[in-house]
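J.: Take a look at this one; I'll ask things after.
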Amino acid sequence: MRGWIVPPPREPTKSSERFAAERAAKVRWLVRHGYLRSERIQQALLAVPREDFVPHPYRDYAYQEVPLPLPGQQATISCPHSYPLFYEPLGLAEGHRFLEIGAGSGYGAAVAREVVGPDGLVVSVEIDPLTLEFARKNVERAGYRDVVLVRGDGGLGYPEMSPYDCISITAACGEIPAPLIEQLRVGGRLIGPVYAGEGQDLVLLEKGAKGVQRRAICQVLYVPLRGQYGV
Ligand SMILES: C[S@@+](CC[C@H](N)C(=O)[O-])C[C@H]1O[C@@H](n2cnc3c(N)ncnc32)[C@H](O)[C@@H]1O
C-alpha cells in the first residue's frame with residue numbers, strides 16, 4: 001500500500017480489557033484533535049469493537065492510525081480517524097438512511113448502524129466477493145443483523161433502497177459517480193475521495209433543490225474505486 005507503512009503481521013497478544021482501554025483512548029484522541037464532535041458518533045465508536053473487524057494477524061494494531069489489509073483485492077480497513085472524518089461533515093444522525101460504497105471490513109457499516117439507530121437504514125455495497133464475505137462474518141458476529149450488505153458495483157449505488165440521506169464512498173474516484181448523486185435525497189450529503197492532481201481530495205457534496213454544492217475538505221489517500229466508474 002503506497003503511502004502507508006503497514007506493521008508486520010503477528011500473533012495477537014492483547015486482552016479485551018486492553019482493547020477497550022485503547023478504544024476509549026482513541027475516542028479521546030479523536031475529540032482532542034477535532035475529528036470528533038457529535039456525541040452520537042462518539043458513543044458509536046465506543047460501542048463497536050474495531051479489533052473484531054481486523055484480520056487476526058493485524059488485530060493488535062486495531063487502534064493505530066494506519067489502514068490494515070483485508071482479504072480481497074486492494075481492500076483495507078481505513079484508519080480510525082477516517083470514520084469521524086467522513087461521518088461528521090455528512091452530519092450522520094439518528095434515523096438517517098445511509099449508503100456506504102466499499103464495505104471492506106464491515107466496521108464503517110457497524111459504526112453507522114450504531115449512529116442511525118433502529119429507525120435508520122444502513123446499506124453497504126462491496127465489489128470484491130472475498131472482502132464481502134469477510135465483512136459479512138464480522139458484522140454478523142458483532143450482532144448487527146439489520147445491516148444490508150450487497151455484492152455489486154457501488155458506483156451504480158443501490159437504487160432499490162434509495163433515496164439516501166447520506167452516502168459515503170470509501171474508495172477514490174475520478175469523479176463522483178452520477179448514479180450516487182441521483183440516489184441522494186434533496187438536502188442529503190455525499191462524501192468521498194476524488195483524484196486531484198497527484199493526490200486525492202476528500203469531497204463533500206450537498207444536494208439542494210437547485211443543484212449540487214461541492215467543496216474539498218482535506219487531502220486523503222484511499223484505494224482506487226473499481227467497476228464502471230473506476231479509475
Ligand atoms: C478503504 S476500503 C473500505 C473500508 C471500509 N469502509 C471499512 O470500514 O472497512 C475500500 C473498499 O472499497 C471496495 N471497492 C472498490 N471499488 C468498489 C466498487 N466499485 N463498489 C463497491 N466496493 C468497491 C474495495 O474492495 C474495498 O473493500
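By convention here, the chains of the C-alpha cells are called A, B, ... in the order presented, each chain's residues are numbered starting at 1, and ligands are numbered starting at 1 in the order presented.
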Would you mind listing the residues within 6 Å of ligand 1, counting only C-alpha atoms and all ligand atoms, as an MDAnalysis selection string?

T.: chainID A and resid 75:78 101:108 125:128 131 152:155 170:171 222:223 225:227

J.: Residues at most 7 Å from range 63-65 of chain A, counting only C-alpha atoms, excluding those fewer than 5 positions away in the same chain, as a list in words?

T.: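 The neighbour list is Glu22, Arg23, Lys26, Cys79 and Pro80 of chain A.
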
J.: Find the spatial neighbours of Leu221 in chain A, counting only C-alpha atoms, within a cut-off of 10 Å - ignore same-chain residues fewer than 6 positions away - and output them as an MDAnalysis selection string.

T.: chainID A and resid 2:4 67 78 171:172 193:195 199:202

J.: So that I can see what lies close to Met161 in chain A, please list as a PDB file with N, CA, C and O atoms, in the first residue's frame the residues with an atom at most 10 Å from it, counting only C-alpha atoms and leaving out residues fewer than 2 positions away in the same chain.

T.:
```
ATOM      1  N   ARG A  97     -31.003   7.376   6.489  1.00  0.00           N
ATOM      2  CA  ARG A  97     -30.810   6.277   5.533  1.00  0.00           C
ATOM      3  C   ARG A  97     -29.417   6.481   4.936  1.00  0.00           C
ATOM      4  O   ARG A  97     -29.171   7.496   4.282  1.00  0.00           O
ATOM      5  N   PHE A  98     -28.526   5.506   5.178  1.00  0.00           N
ATOM      6  CA  PHE A  98     -27.105   5.666   4.872  1.00  0.00           C
ATOM      7  C   PHE A  98     -26.658   4.600   3.872  1.00  0.00           C
ATOM      8  O   PHE A  98     -26.952   3.418   4.058  1.00  0.00           O
ATOM      9  N   LEU A  99     -25.962   5.050   2.845  1.00  0.00           N
ATOM     10  CA  LEU A  99     -25.390   4.122   1.856  1.00  0.00           C
ATOM     11  C   LEU A  99     -23.865   4.254   1.883  1.00  0.00           C
ATOM     12  O   LEU A  99     -23.337   5.359   1.758  1.00  0.00           O
ATOM     13  N   LEU A 121     -31.367   3.281   8.400  1.00  0.00           N
ATOM     14  CA  LEU A 121     -31.063   2.176   7.474  1.00  0.00           C
ATOM     15  C   LEU A 121     -29.585   2.259   7.105  1.00  0.00           C
ATOM     16  O   LEU A 121     -29.068   3.358   6.852  1.00  0.00           O
ATOM     17  N   VAL A 122     -28.911   1.106   7.063  1.00  0.00           N
ATOM     18  CA  VAL A 122     -27.525   1.068   6.568  1.00  0.00           C
ATOM     19  C   VAL A 122     -27.438   0.031   5.460  1.00  0.00           C
ATOM     20  O   VAL A 122     -27.755  -1.147   5.662  1.00  0.00           O
ATOM     21  N   VAL A 123     -27.009   0.501   4.281  1.00  0.00           N
ATOM     22  CA  VAL A 123     -26.764  -0.377   3.134  1.00  0.00           C
ATOM     23  C   VAL A 123     -25.297  -0.200   2.776  1.00  0.00           C
ATOM     24  O   VAL A 123     -24.812   0.928   2.692  1.00  0.00           O
ATOM     25  N   VAL A 148     -27.651  -4.053   5.653  1.00  0.00           N
ATOM     26  CA  VAL A 148     -27.879  -4.658   4.333  1.00  0.00           C
ATOM     27  C   VAL A 148     -26.550  -4.653   3.580  1.00  0.00           C
ATOM     28  O   VAL A 148     -26.047  -3.597   3.190  1.00  0.00           O
ATOM     29  N   GLY A 157     -24.468   2.510  -7.148  1.00  0.00           N
ATOM     30  CA  GLY A 157     -25.307   2.698  -5.968  1.00  0.00           C
ATOM     31  C   GLY A 157     -26.162   1.483  -5.694  1.00  0.00           C
ATOM     32  O   GLY A 157     -25.836   0.350  -6.099  1.00  0.00           O
ATOM     33  N   TYR A 158     -27.267   1.714  -4.992  1.00  0.00           N
ATOM     34  CA  TYR A 158     -28.229   0.646  -4.717  1.00  0.00           C
ATOM     35  C   TYR A 158     -29.615   1.277  -4.778  1.00  0.00           C
ATOM     36  O   TYR A 158     -30.206   1.640  -3.746  1.00  0.00           O
ATOM     37  N   PRO A 159     -30.124   1.461  -6.027  1.00  0.00           N
ATOM     38  CA  PRO A 159     -31.369   2.229  -6.202  1.00  0.00           C
ATOM     39  C   PRO A 159     -32.564   1.606  -5.496  1.00  0.00           C
ATOM     40  O   PRO A 159     -33.500   2.318  -5.120  1.00  0.00           O
ATOM     41  N   PRO A 163     -34.321   6.905  -1.753  1.00  0.00           N
ATOM     42  CA  PRO A 163     -33.189   7.824  -1.625  1.00  0.00           C
ATOM     43  C   PRO A 163     -32.496   7.694  -0.260  1.00  0.00           C
ATOM     44  O   PRO A 163     -33.078   7.191   0.699  1.00  0.00           O
ATOM     45  N   TYR A 164     -31.248   8.166  -0.224  1.00  0.00           N
ATOM     46  CA  TYR A 164     -30.436   8.128   0.992  1.00  0.00           C
ATOM     47  C   TYR A 164     -30.213   9.553   1.516  1.00  0.00           C
ATOM     48  O   TYR A 164     -30.096  10.492   0.729  1.00  0.00           O
ATOM     49  N   GLN A 183     -29.256   9.098  -6.365  1.00  0.00           N
ATOM     50  CA  GLN A 183     -29.885   8.337  -5.273  1.00  0.00           C
ATOM     51  C   GLN A 183     -29.861   9.076  -3.928  1.00  0.00           C
ATOM     52  O   GLN A 183     -30.343   8.559  -2.922  1.00  0.00           O
TER      53      GLN A 183
END
```

J.: For Arg136 in chain A, work out the shell of residues within 8 Å, counting only C-alpha atoms and skipping chain neighbours fewer than 3 positions away, then give it as a ChimeraX atom specification.

T.: /A:106,132-133,139-140,149

J.: Let me see the file: selected residues, all heavy atoms, as a compact mmCIF listing (two decimals), in the first residue's frame.

T.:
```txt
# COMPACT_ATOMS: atom_id res chain seq x y z
N GLY A 106 -16.51 -4.13 7.14
CA GLY A 106 -17.84 -4.02 7.75
C GLY A 106 -17.86 -3.06 8.94
O GLY A 106 -18.92 -2.75 9.48
N LEU A 132 -16.33 -9.03 0.77
CA LEU A 132 -17.73 -9.01 1.23
C LEU A 132 -17.98 -10.12 2.24
O LEU A 132 -18.64 -9.92 3.26
CB LEU A 132 -18.69 -9.14 0.04
CG LEU A 132 -20.15 -9.10 0.46
CD1 LEU A 132 -20.55 -7.69 0.91
CD2 LEU A 132 -21.07 -9.55 -0.66
N GLU A 133 -17.42 -11.31 1.97
CA GLU A 133 -17.59 -12.45 2.87
C GLU A 133 -16.98 -12.13 4.24
O GLU A 133 -17.57 -12.43 5.29
CB GLU A 133 -16.90 -13.67 2.23
CG GLU A 133 -17.25 -15.01 2.83
CD GLU A 133 -18.73 -15.18 3.14
OE1 GLU A 133 -19.58 -14.72 2.36
OE2 GLU A 133 -19.03 -15.76 4.21
N VAL A 139 -19.75 -8.50 10.65
CA VAL A 139 -20.97 -7.77 11.00
C VAL A 139 -21.93 -8.70 11.76
O VAL A 139 -22.51 -8.31 12.79
CB VAL A 139 -21.61 -7.20 9.71
CG1 VAL A 139 -23.04 -6.77 9.92
CG2 VAL A 139 -20.77 -6.02 9.19
N GLU A 140 -22.04 -9.94 11.29
CA GLU A 140 -22.96 -10.88 11.95
C GLU A 140 -22.44 -11.27 13.34
O GLU A 140 -23.19 -11.30 14.31
CB GLU A 140 -23.17 -12.12 11.08
CG GLU A 140 -24.12 -11.80 9.94
CD GLU A 140 -24.32 -12.94 8.97
OE1 GLU A 140 -23.79 -14.05 9.23
OE2 GLU A 140 -24.99 -12.71 7.95
N LEU A 149 -25.97 -5.85 3.41
CA LEU A 149 -24.69 -5.97 2.69
C LEU A 149 -24.99 -6.49 1.29
O LEU A 149 -25.68 -7.50 1.14
CB LEU A 149 -23.75 -6.93 3.41
CG LEU A 149 -23.13 -6.41 4.70
CD1 LEU A 149 -22.38 -7.52 5.43
CD2 LEU A 149 -22.19 -5.24 4.43
```

J.: Which of these, A:Tyr35, A:Tyr61, A:Trp29, A:Phe134, has the shortest distance to Phe86 in chain A once you count only C-alpha atoms?

T.: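 Under the stated criterion, the closest residue is A:Tyr35.
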
J.: Residues at most 6 Å from Gly192 in chain A, counting only C-alpha atoms, excluding those fewer than 4 positions away in the same chain, as a list of chain:residue names?

T.: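 So the residues in contact are A:Ser168, A:Ile169, A:Leu202, A:Val203.
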
J.: Hey, what does DSSP flag as helix (DSSP H, G or I) within range 42-210 of chain A? Can you give it to me as JSON, numbers by chain?

T.: {"A": [42, 43, 44, 45, 46, 47, 50, 51, 52, 53, 56, 57, 58, 59, 60, 61, 82, 83, 84, 85, 86, 87, 88, 89, 90, 107, 108, 109, 110, 111, 112, 113, 114, 115, 116, 129, 130, 131, 132, 133, 134, 135, 136, 137, 138, 139, 140, 141, 154, 155, 156, 159, 160, 161, 178, 179, 180, 181, 182]}

J.: From the options A:Lys210, A:Arg185, A:His33, A:Arg28, which residue's atoms come nearest to Leu46 in chain A, counting only C-alpha atoms?

T.: A:Arg28

J.: Once DSSP has gone over the backbone, tell me which residues of range 58-128 of chain A are in strand (DSSP E), as number ranges by chain.

T.: A: 68-69, 76-77, 97-101, 121-126

J.: Can you measure CA of Leu180 in chain A to CA of Ser82 in chain A for me? One decimal in Å is fine.

T.: 20.4 Å

J.: Which residues come within 8 Å of Gly208 in chain A, counting only C-alpha atoms, excluding same-chain residues fewer than 5 positions away, as number ranges by chain?

T.: A: 186-188, 213

J.: Can you measure CA of Leu90 in chain A to CA of Arg215 in chain A for me? One decimal in Å is fine.

T.: 12.3 Å

J.: When you count only C-alpha atoms, which of these residues is closest to Arg32 in chain A: A:His96, A:Pro89, A:His81, A:Ala44?

T.: A:His81

J.: Using only C-alpha atoms, can you tell me which of A:Gly72, A:Pro57, A:Pro49, A:Gly34 comes closest to Arg10 in chain A?

T.: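 Smallest distance to Arg10 in chain A is found for A:Pro57.
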
J.: Let me make sure I understand: among A:Ala62, A:Ala196, A:Ile41, A:Leu30, which one has the smallest atom-to-atom distance to Gly174 in chain A if we use only C-alpha atoms?

T.: A:Ala196

J.: Select, from A:Lys207, A:Arg59, A:Arg151, A:Lys137, the residue with the minimum atom-to-atom distance to Ser15 in chain A, counting only C-alpha atoms.

T.: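 Counting only C-alpha atoms, the residue closest to Ser15 in chain A is A:Arg59.
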